[in-house]
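For reference, my_file-v1.pdb (PDB, C-alpha atoms):
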```pdb
ATOM      1  CA  MET A   1      11.498 -13.510  -5.280
ATOM      2  CA  SER A   2       8.177 -13.887  -3.501
ATOM      3  CA  VAL A   3       7.331 -12.514  -0.101
ATOM      4  CA  VAL A   4       5.484 -15.212   1.818
ATOM      5  CA  LEU A   5       2.713 -14.344   4.224
ATOM      6  CA  ALA A   6       2.096 -17.110   6.733
ATOM      7  CA  LEU A   7      -1.491 -18.105   7.325
ATOM      8  CA  GLY A   8      -2.755 -20.909   9.504
ATOM      9  CA  ARG A   9      -3.184 -21.982  13.060
ATOM     10  CA  SER A  10      -1.201 -19.768  15.376
ATOM     11  CA  ASP A  11      -0.007 -22.768  17.417
ATOM     12  CA  LEU A  12       1.927 -24.205  14.461
ATOM     13  CA  PRO A  13       5.539 -23.247  13.804
ATOM     14  CA  SER A  14       6.104 -21.639  10.424
ATOM     15  CA  ASN A  15       8.212 -24.510   9.132
ATOM     16  CA  SER A  16       5.383 -26.991   9.713
ATOM     17  CA  MET A  17       2.712 -25.142   7.752
ATOM     18  CA  SER A  18       1.446 -26.785   4.604
ATOM     19  CA  CYS A  19       1.201 -25.053   1.241
ATOM     20  CA  ALA A  20      -2.494 -24.522   1.870
ATOM     21  CA  GLU A  21      -1.634 -22.619   5.038
ATOM     22  CA  ARG A  22       0.612 -20.122   3.262
ATOM     23  CA  ARG A  23      -0.144 -17.329   0.860
ATOM     24  CA  TYR A  24       2.144 -15.320  -1.398
ATOM     25  CA  PHE A  25       2.034 -11.565  -1.378
ATOM     26  CA  GLU A  26       2.770 -11.459  -5.087
ATOM     27  CA  THR A  27       0.918 -12.568  -8.203
ATOM     28  CA  SER A  28       1.589 -12.563 -11.905
ATOM     29  CA  PRO A  29      -0.460 -10.496 -14.381
ATOM     30  CA  SER A  30      -1.900 -13.610 -15.993
ATOM     31  CA  GLY A  31      -2.169 -15.854 -12.951
ATOM     32  CA  GLY A  32      -4.313 -16.032  -9.877
ATOM     33  CA  LEU A  33      -3.420 -15.821  -6.214
ATOM     34  CA  SER A  34      -0.282 -17.560  -4.966
ATOM     35  CA  GLU A  35       1.439 -17.505  -8.342
ATOM     36  CA  VAL A  36       4.463 -15.642  -9.612
ATOM     37  CA  SER A  37       5.249 -15.710 -13.305
ATOM     38  CA  ILE A  38       8.329 -14.657 -15.250
ATOM     39  CA  ALA A  39       6.441 -14.773 -18.527
ATOM     40  CA  ARG A  40       5.083 -11.448 -19.764
ATOM     41  CA  LEU A  41       1.436 -11.435 -20.813
ATOM     42  CA  GLN A  42       0.954 -10.796 -24.520
ATOM     43  CA  PRO A  43      -1.874  -8.268 -24.999
ATOM     44  CA  ARG A  44      -4.675  -8.979 -27.421
ATOM     45  CA  ASN A  45      -5.506  -5.327 -27.760
ATOM     46  CA  LEU A  46      -2.506  -3.002 -27.840
ATOM     47  CA  GLU A  47      -4.678   0.023 -27.078
ATOM     48  CA  ASN A  48      -5.623  -1.464 -23.727
ATOM     49  CA  ALA A  49      -2.525  -3.523 -22.991
ATOM     50  CA  PRO A  50      -2.046  -4.710 -19.404
ATOM     51  CA  PHE A  51       0.757  -2.988 -17.535
ATOM     52  CA  PRO A  52       3.725  -5.108 -16.447
ATOM     53  CA  VAL A  53       3.824  -6.299 -12.844
ATOM     54  CA  ILE A  54       7.154  -7.504 -11.514
ATOM     55  CA  GLY A  55       6.539  -8.654  -8.014
ATOM     56  CA  THR A  56       5.743  -5.697  -5.764
ATOM     57  CA  VAL A  57       1.998  -6.192  -5.480
ATOM     58  CA  LEU A  58       1.619  -7.020  -1.820
ATOM     59  CA  ALA A  59      -2.106  -7.722  -1.713
ATOM     60  CA  VAL A  60      -4.161  -8.759  -4.689
ATOM     61  CA  SER A  61      -7.816  -9.670  -4.437
ATOM     62  CA  LYS A  62     -10.754 -10.149  -6.730
ATOM     63  CA  TYR A  63     -11.336  -6.399  -6.451
ATOM     64  CA  ALA A  64      -8.866  -5.524  -9.221
ATOM     65  CA  LEU A  65      -9.656  -2.071 -10.509
ATOM     66  CA  GLY A  66      -7.952   0.416 -12.762
ATOM     67  CA  VAL A  67      -7.981   3.445 -15.007
ATOM     68  CA  ALA A  68      -5.782   5.238 -17.506
ATOM     69  CA  ALA A  69      -5.396   8.970 -17.218
ATOM     70  CA  PHE A  70      -3.129  11.979 -16.840
ATOM     71  CA  LEU A  71      -2.761  14.513 -14.075
ATOM     72  CA  PRO A  72      -1.003  17.874 -14.309
ATOM     73  CA  ARG A  73       2.575  18.016 -13.061
ATOM     74  CA  ASN A  74       1.907  20.656 -10.414
ATOM     75  CA  THR A  75       0.822  18.908  -7.209
ATOM     76  CA  GLY A  76      -0.107  22.123  -5.432
ATOM     77  CA  ARG A  77       1.933  21.111  -2.389
ATOM     78  CA  GLY A  78       4.598  23.312  -0.856
ATOM     79  CA  GLY A  79       6.793  23.714   2.169
ATOM     80  CA  ALA A  80      10.529  23.829   2.648
ATOM     81  CA  ARG A  81      10.960  20.120   3.353
ATOM     82  CA  ASN A  82       8.139  18.634   1.264
ATOM     83  CA  ARG A  83       7.902  20.898  -1.747
ATOM     84  CA  ALA A  84       6.297  19.472  -4.868
ATOM     85  CA  ASP A  85       9.556  19.204  -6.804
ATOM     86  CA  ARG A  86      11.636  17.646  -4.043
ATOM     87  CA  GLU A  87      13.408  14.473  -5.220
ATOM     88  CA  SER A  88      14.441  11.445  -3.171
ATOM     89  CA  HIS A  89      15.660   7.919  -3.833
ATOM     90  CA  PHE A  90      15.081   6.063  -0.570
ATOM     91  CA  LEU A  91      13.385   6.127   2.827
ATOM     92  CA  THR A  92      15.483   7.771   5.536
ATOM     93  CA  ASP A  93      15.994   6.873   9.197
ATOM     94  CA  THR A  94      13.679   9.688  10.253
ATOM     95  CA  GLN A  95      10.919   8.650   7.873
ATOM     96  CA  ILE A  96      11.041   5.013   8.945
ATOM     97  CA  ALA A  97      11.053   5.956  12.632
ATOM     98  CA  ASN A  98       7.949   8.079  12.050
ATOM     99  CA  LEU A  99       6.177   5.296  10.127
ATOM    100  CA  ARG A 100       7.011   2.770  12.830
ATOM    101  CA  ALA A 101       5.735   5.066  15.578
ATOM    102  CA  ALA A 102       2.555   5.705  13.577
ATOM    103  CA  GLU A 103       1.963   1.977  13.020
ATOM    104  CA  ARG A 104       2.272   1.255  16.737
ATOM    105  CA  PHE A 105       0.113   4.235  17.674
ATOM    106  CA  ALA A 106      -2.639   3.070  15.312
ATOM    107  CA  GLY A 107      -2.845  -0.146  17.303
ATOM    108  CA  ARG A 108      -2.880   1.747  20.583
ATOM    109  CA  ILE A 109      -5.914   3.816  19.578
ATOM    110  CA  GLY A 110      -7.817   0.766  18.375
ATOM    111  CA  SER A 111      -7.248   1.231  14.645
ATOM    112  CA  PRO A 112      -4.658  -1.388  13.668
ATOM    113  CA  PHE A 113      -3.947  -1.663   9.961
ATOM    114  CA  THR A 114      -6.156  -4.362   8.493
ATOM    115  CA  ARG A 115      -5.881  -3.850   4.744
ATOM    116  CA  MET A 116      -3.124  -3.477   2.183
ATOM    117  CA  ILE A 117      -3.869  -1.396  -0.926
ATOM    118  CA  THR A 118      -1.423  -0.979  -3.800
ATOM    119  CA  ILE A 119      -2.137   1.584  -6.526
ATOM    120  CA  HIS A 120      -0.043   1.613  -9.703
ATOM    121  CA  TRP A 121      -0.366   5.313 -10.466
ATOM    122  CA  GLU A 122       1.921   5.315 -13.494
ATOM    123  CA  ALA A 123      -0.097   2.499 -15.044
ATOM    124  CA  ALA A 124      -3.161   4.684 -14.478
ATOM    125  CA  GLY A 125      -1.520   7.471 -16.460
ATOM    126  CA  VAL A 126      -0.493   9.624 -13.489
ATOM    127  CA  PRO A 127       2.956  11.218 -13.980
ATOM    128  CA  LEU A 128       5.555  10.851 -11.268
ATOM    129  CA  ALA A 129       5.223  14.511 -10.245
ATOM    130  CA  GLY A 130       1.472  14.065  -9.813
ATOM    131  CA  MET A 131       1.587  10.919  -7.693
ATOM    132  CA  ALA A 132       1.572  12.727  -4.338
ATOM    133  CA  LYS A 133      -1.527  14.677  -5.309
ATOM    134  CA  ALA A 134      -3.273  11.539  -6.537
ATOM    135  CA  THR A 135      -2.522   9.658  -3.315
ATOM    136  CA  GLY A 136      -3.699  12.649  -1.276
ATOM    137  CA  ARG A 137      -7.020  12.721  -3.118
ATOM    138  CA  PHE A 138      -7.469   8.971  -2.642
ATOM    139  CA  THR A 139      -6.879   9.128   1.119
ATOM    140  CA  GLY A 140      -9.098  12.208   1.326
ATOM    141  CA  LEU A 141     -11.980  10.292  -0.246
ATOM    142  CA  LEU A 142     -11.220   7.404   2.094
ATOM    143  CA  ALA A 143     -11.460   9.679   5.132
ATOM    144  CA  LYS A 144     -14.755  11.230   3.975
ATOM    145  CA  THR A 145     -16.293   7.800   3.450
ATOM    146  CA  PHE A 146     -15.366   6.643   6.935
ATOM    147  CA  ALA A 147     -16.606   9.891   8.463
ATOM    148  CA  ARG A 148     -20.002   9.425   6.799
ATOM    149  CA  HIS A 149     -20.238   6.005   8.438
ATOM    150  CA  ASP A 150     -19.053   7.368  11.805
ATOM    151  CA  CYS A 151     -16.058   5.013  11.794
ATOM    152  CA  GLU A 152     -12.487   5.652  12.819
ATOM    153  CA  THR A 153      -9.663   4.884  10.434
ATOM    154  CA  ALA A 154      -5.912   5.341  10.152
ATOM    155  CA  TRP A 155      -3.380   4.822   7.389
ATOM    156  CA  LEU A 156       0.190   5.177   6.259
ATOM    157  CA  TRP A 157       1.533   5.166   2.713
ATOM    158  CA  VAL A 158       4.856   4.828   0.908
ATOM    159  CA  HIS A 159       5.649   5.755  -2.693
ATOM    160  CA  GLU A 160       7.999   3.674  -4.839
ATOM    161  CA  ASN A 161       9.199   3.852  -8.436
ATOM    162  CA  GLY A 162      10.350   0.485  -9.718
ATOM    163  CA  HIS A 163      11.670  -0.730 -13.052
ATOM    164  CA  GLY A 164       8.810  -2.174 -15.081
ATOM    165  CA  LYS A 165       6.261  -0.951 -12.520
ATOM    166  CA  GLY A 166       6.737   2.792 -12.497
ATOM    167  CA  GLY A 167       5.411   5.024  -9.755
ATOM    168  CA  HIS A 168       3.129   3.242  -7.308
ATOM    169  CA  CYS A 169       1.837   3.552  -3.761
ATOM    170  CA  HIS A 170       1.516   1.032  -0.932
ATOM    171  CA  LEU A 171      -1.079   1.865   1.725
ATOM    172  CA  LEU A 172      -1.700   0.135   5.042
ATOM    173  CA  VAL A 173      -5.178   1.104   6.205
ATOM    174  CA  HIS A 174      -7.509   0.344   9.089
ATOM    175  CA  VAL A 175     -10.777  -0.782   7.525
ATOM    176  CA  PRO A 176     -13.477  -2.267   9.798
ATOM    177  CA  ALA A 177     -14.708  -5.572   8.359
ATOM    178  CA  THR A 178     -18.231  -4.191   8.026
ATOM    179  CA  LEU A 179     -17.032  -1.443   5.674
ATOM    180  CA  VAL A 180     -14.912  -3.593   3.359
ATOM    181  CA  PRO A 181     -17.723  -4.159   0.803
ATOM    182  CA  ARG A 182     -18.443  -0.429   0.758
ATOM    183  CA  LEU A 183     -14.772   0.464   0.294
ATOM    184  CA  THR A 184     -14.155  -2.004  -2.518
ATOM    185  CA  GLY A 185     -17.320  -0.868  -4.239
ATOM    186  CA  LEU A 186     -16.223   2.775  -4.239
ATOM    187  CA  GLN A 187     -12.598   2.469  -5.343
ATOM    188  CA  ARG A 188     -13.299   2.279  -9.073
ATOM    189  CA  GLY A 189     -15.274   5.517  -8.931
ATOM    190  CA  TRP A 190     -12.545   7.213  -6.914
ATOM    191  CA  LEU A 191      -9.926   6.346  -9.503
ATOM    192  CA  ARG A 192     -12.129   7.657 -12.294
ATOM    193  CA  LEU A 193     -12.683  10.860 -10.358
ATOM    194  CA  ILE A 194      -8.974  11.327  -9.637
ATOM    195  CA  THR A 195      -7.700  10.547 -13.120
ATOM    196  CA  GLY A 196     -10.678  11.467 -15.299
ATOM    197  CA  ARG A 197     -10.312   8.404 -17.516
ATOM    198  CA  PRO A 198     -12.146   5.080 -17.912
ATOM    199  CA  TYR A 199     -11.527   1.798 -16.160
ATOM    200  CA  ARG A 200      -8.399  -0.239 -16.762
ATOM    201  CA  ALA A 201      -7.799  -3.544 -15.016
ATOM    202  CA  ARG A 202      -5.150  -4.328 -12.419
ATOM    203  CA  VAL A 203      -4.213  -0.792 -11.431
ATOM    204  CA  ILE A 204      -5.385  -1.196  -7.829
ATOM    205  CA  HIS A 205      -5.038  -4.271  -5.642
ATOM    206  CA  SER A 206      -6.589  -4.724  -2.224
ATOM    207  CA  ASP A 207      -6.637  -7.531   0.323
ATOM    208  CA  PRO A 208      -6.925  -7.974   4.093
ATOM    209  CA  VAL A 209      -3.689  -8.210   6.034
ATOM    210  CA  GLY A 210      -3.188 -11.906   6.680
ATOM    211  CA  GLY A 211      -5.606 -12.859   3.903
ATOM    212  CA  TRP A 212      -8.598 -13.254   6.220
ATOM    213  CA  LEU A 213     -11.257 -10.638   6.833
ATOM    214  CA  GLY A 214     -11.542  -9.821  10.536
ATOM    215  CA  LEU A 215      -8.290 -11.596  11.457
ATOM    216  CA  GLU A 216      -7.401  -8.756  13.849
ATOM    217  CA  ALA A 217     -10.417  -9.742  15.972
ATOM    218  CA  SER A 218     -10.476 -13.522  15.517
ATOM    219  CA  ASN A 219      -6.739 -14.076  15.971
ATOM    220  CA  PRO A 220      -4.907 -10.915  17.095
ATOM    221  CA  ASP A 221      -1.558 -12.662  17.490
ATOM    222  CA  LEU A 222      -1.584 -14.024  13.943
ATOM    223  CA  HIS A 223      -2.720 -10.650  12.626
ATOM    224  CA  ALA A 224       0.192  -8.962  14.411
ATOM    225  CA  VAL A 225       2.698 -11.336  12.793
ATOM    226  CA  ASN A 226       1.252 -10.729   9.346
ATOM    227  CA  LEU A 227       1.060  -6.973   9.877
ATOM    228  CA  GLU A 228       4.733  -6.871  10.826
ATOM    229  CA  THR A 229       5.587  -8.718   7.603
ATOM    230  CA  ALA A 230       3.470  -6.314   5.557
ATOM    231  CA  PHE A 231       4.904  -3.279   7.324
ATOM    232  CA  ARG A 232       8.474  -4.376   6.682
ATOM    233  CA  TYR A 233       7.580  -4.989   3.054
ATOM    234  CA  VAL A 234       6.549  -1.375   2.479
ATOM    235  CA  LEU A 235       9.885  -0.272   3.971
ATOM    236  CA  LYS A 236      11.966  -2.191   1.438
ATOM    237  CA  GLY A 237      13.011   1.062  -0.283
ATOM    238  CA  ALA A 238      15.045   2.111   2.772
ATOM    239  CA  SER A 239      18.563   3.449   2.587
ATOM    240  CA  ALA A 240      21.350   1.086   3.582
ATOM    241  CA  GLU A 241      21.899   3.020   6.812
ATOM    242  CA  ALA A 242      18.200   2.915   7.729
ATOM    243  CA  ALA A 243      17.985  -0.778   6.884
ATOM    244  CA  SER A 244      20.866  -1.491   9.246
ATOM    245  CA  ARG A 245      19.375   0.584  12.038
ATOM    246  CA  PHE A 246      15.933  -1.027  11.799
ATOM    247  CA  ALA A 247      17.162  -4.540  10.935
ATOM    248  CA  LEU A 248      15.368  -4.634   7.577
ATOM    249  CA  GLU A 249      16.380  -7.735   5.655
ATOM    250  CA  ARG A 250      14.451  -7.205   2.425
ATOM    251  CA  LEU A 251      15.718  -4.273   0.352
ATOM    252  CA  GLU A 252      14.899  -3.078  -3.161
ATOM    253  CA  PRO A 253      15.704   0.220  -4.889
ATOM    254  CA  GLY A 254      13.009   2.713  -3.975
ATOM    255  CA  GLY A 255      13.522   4.652  -7.183
ATOM    256  CA  LEU A 256      13.189   8.356  -7.882
ATOM    257  CA  ILE A 257      10.203   9.996  -6.183
ATOM    258  CA  ILE A 258       9.136  13.609  -6.727
ATOM    259  CA  GLY A 259       7.415  15.222  -3.746
ATOM    260  CA  LYS A 260       6.530  13.367  -0.550
ATOM    261  CA  ARG A 261       7.813   9.826  -0.334
ATOM    262  CA  CYS A 262       5.662   8.688   2.579
ATOM    263  CA  GLY A 263       3.018   9.922   4.974
ATOM    264  CA  THR A 264       0.377   9.070   7.568
ATOM    265  CA  SER A 265      -3.111  10.145   8.505
ATOM    266  CA  GLN A 266      -3.151  13.057  10.956
ATOM    267  CA  ASN A 267      -4.645  11.015  13.795
ATOM    268  CA  ILE A 268      -1.485   8.887  14.024
ATOM    269  CA  GLY A 269       1.012  11.574  13.004
ATOM    270  CA  ALA A 270       3.689  13.115  15.192
ATOM    271  CA  GLU A 271       1.450  15.874  16.612
ATOM    272  CA  ALA A 272      -1.333  13.436  17.504
ATOM    273  CA  ARG A 273       1.126  11.083  19.169
ATOM    274  CA  LYS A 274       2.658  13.919  21.182
ATOM    275  CA  ALA A 275      -0.745  15.193  22.304
ATOM    276  CA  ARG A 276      -1.832  11.703  23.383
ATOM    277  CA  ASP A 277       1.320  11.101  25.378
ATOM    278  CA  CYS A 278       1.135  14.434  27.207
TER     279      CYS A 278
END
```

Turn this file's structure into structure tokens for me.
Amino acid sequence: MSVVLALGRSDLPSNSMSCAERRYFETSPSGGLSEVSIARLQPRNLENAPFPVIGTVLAVSKYALGVAAFLPRNTGRGGARNRADRESHFLTDTQIANLRAAERFAGRIGSPFTRMITIHWEAAGVPLAGMAKATGRFTGLLAKTFARHDCETAWLWVHENGHGKGGHCHLLVHVPATLVPRLTGLQRGWLRLITGRPYRARVIHSDPVGGWLGLEASNPDLHAVNLETAFRYVLKGASAEAASRFALERLEPGGLIIGKRCGTSQNIGAEARKARDC
């Protein structure tokens, strides 16, 4: 089932939009944008076979990057509630409430999420127990890059583990339009640095929220609608109780996750929100 992201003039009702004014979140491994395939791609080279994608890639662009590698099982993270070996199977009420508050706060401080990034860590060779560390290193490199350019950013991420897809991460990130070329140019190197292995296609997918670069400035209302759709998509691994509380209609098994299941950048986290409201 495809998740449809509406694009087009904001004065048109959704049921009057043409096919050209809509865009699918999902793509098939062998197809381009706006296509979903049930046929599995047959690899020509079994040593570099493409990994299966079964419909959770929210944003796919021409910047399709990837690697194959292995990380050690120890993530180096501790704490009573978020220890490295903690296991979970779904997003809880508390986690979703925190993500929702962070998403709204990002908009309040002028850093609304403008880009969706999906990283298939298992396809890159990262074991499930190492996914939290890999995501942490990726967001750390993201933060350093923005700091060097004296730009503010914010992000949230959710880990999932789906059948046929393995462990993967969805990130919603604030990326100023002027830094998009820089970001997409650096991602391949970041993945090589994190995993220590060469490039492999279709491990990372990245696209602007709403499909248009700078939509948050040119049409804020349309961007807000698309962001809400994207945000609800990353929450699809919620528990039944959380889904009922937050009126989430799309649900899929979130799968087993080891370590942290979700997180945010510090500038939109609970402490930052509390300090701002005081």

Which residues, named as in the file, does the PyMOL selection byres ((chain A and resi 217) around 12) pick out? Answer as a list in words.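 On this input, the PyMOL selection byres ((chain A and resi 217) around 12) captures Gly110, Ser111, Pro112, Phe113, Thr114, Pro176, Ala177, Gly210, Trp212, Leu213, Gly214, Leu215, Glu216, Ser218, Asn219, Pro220, Asp221, Leu222, His223 and Ala224 of chain A.
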
By how many Å are CA of Asn161 (chain A) and CA of Leu256 (chain A) apart?
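Separation between CA of Asn161 (chain A) and CA of Leu256 (chain A): 6.0 Å.
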
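Nearest-residue note for Gly189 (chain A): choosing from A:Glu87, A:Leu141, A:Pro127, A:Ile257, the minimum distance belongs to A:Leu141, counting only C-alpha atoms.
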
- Task: Could you give me, as a PyMOL selection string, the residues within 6 Å of Glu160 (chain A), counting only C-alpha atoms and dropping anything in the same chain fewer than 6 positions from it?
- Result: chain A and resi 167-168+254

Generate the output file for the selected residues, C-alpha atoms, as a PDB file, keeping the file's coordinate frame.
```pdb
ATOM      1  CA  GLY A 167       5.411   5.024  -9.755  1.00  0.00           C
ATOM      2  CA  HIS A 168       3.129   3.242  -7.308  1.00  0.00           C
ATOM      3  CA  GLY A 254      13.009   2.713  -3.975  1.00  0.00           C
TER       4      GLY A 254
END
```

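Nearest residue to Ala201 (chain A) among A:Arg108, A:His89, A:His149, A:His120 is A:His120, counting all atoms listed in the file.
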
Correct to one decimal, the distance CA of Ile117 (chain A)-CA of Arg148 (chain A) is 20.9 Å

Of the candidates A:Thr153, A:Tyr233, A:Val203, A:Ile109, which shows the shortest atom-to-atom distance to Gly125 (chain A), using all atoms listed in the file?
->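 Residue with the minimum atom-to-atom distance to Gly125 (chain A): A:Val203.
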
For this session: Apply the PyMOL selection byres ((chain A and resi 118) around 6) to the structure shown and report the selected residues as a list in words.
Result: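 On this input, the PyMOL selection byres ((chain A and resi 118) around 6) captures Ile117, Ile119, Cys169, His170, Ile204 and His205 of chain A.
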
Open item on the list: Residues within 10 Å of Phe246 (chain A), please, as a VMD selection string. Count all atoms listed in the file; anything in the same chain fewer than 3 positions from it doesn't count.
Closed with: chain A and resid 93 96 to 97 100 232 235 238 241 to 243 249

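Run against this file, the PyMOL selection byres ((chain A and resi 116) around 6) gives back Ala59, Arg115, Ile117, Leu171, Leu172, Ser206 and Asp207 of chain A.
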
As a check of understanding: the span from CA of Glu228 (chain A) to CA of Arg202 (chain A) is 25.4 Å

Contacts of Thr184 (chain A) at 12 Å or less, counting all atoms listed in the file, minus same-chain residues fewer than 2 places along, as a list in words?
->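 Contacts, with the query itself left out: Ser61, Lys62, Tyr63, Ala64, Leu65, Arg115, Ile117, Leu142, Thr145, Val175, Ala177, Thr178, Leu179, Val180, Pro181, Arg182, Leu186, Gln187, Arg188, Gly189, Trp190, Leu191, Ile204, His205, Ser206, Asp207 and Pro208 of chain A.
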
(-0.8, 10.9, 3.0) in this file's frame - what residues fall within 8 Å of it? Use all atoms listed in the file and give the answer as a ChimeraX atom specification.
/A:132,135-136,139,155-157,262-265
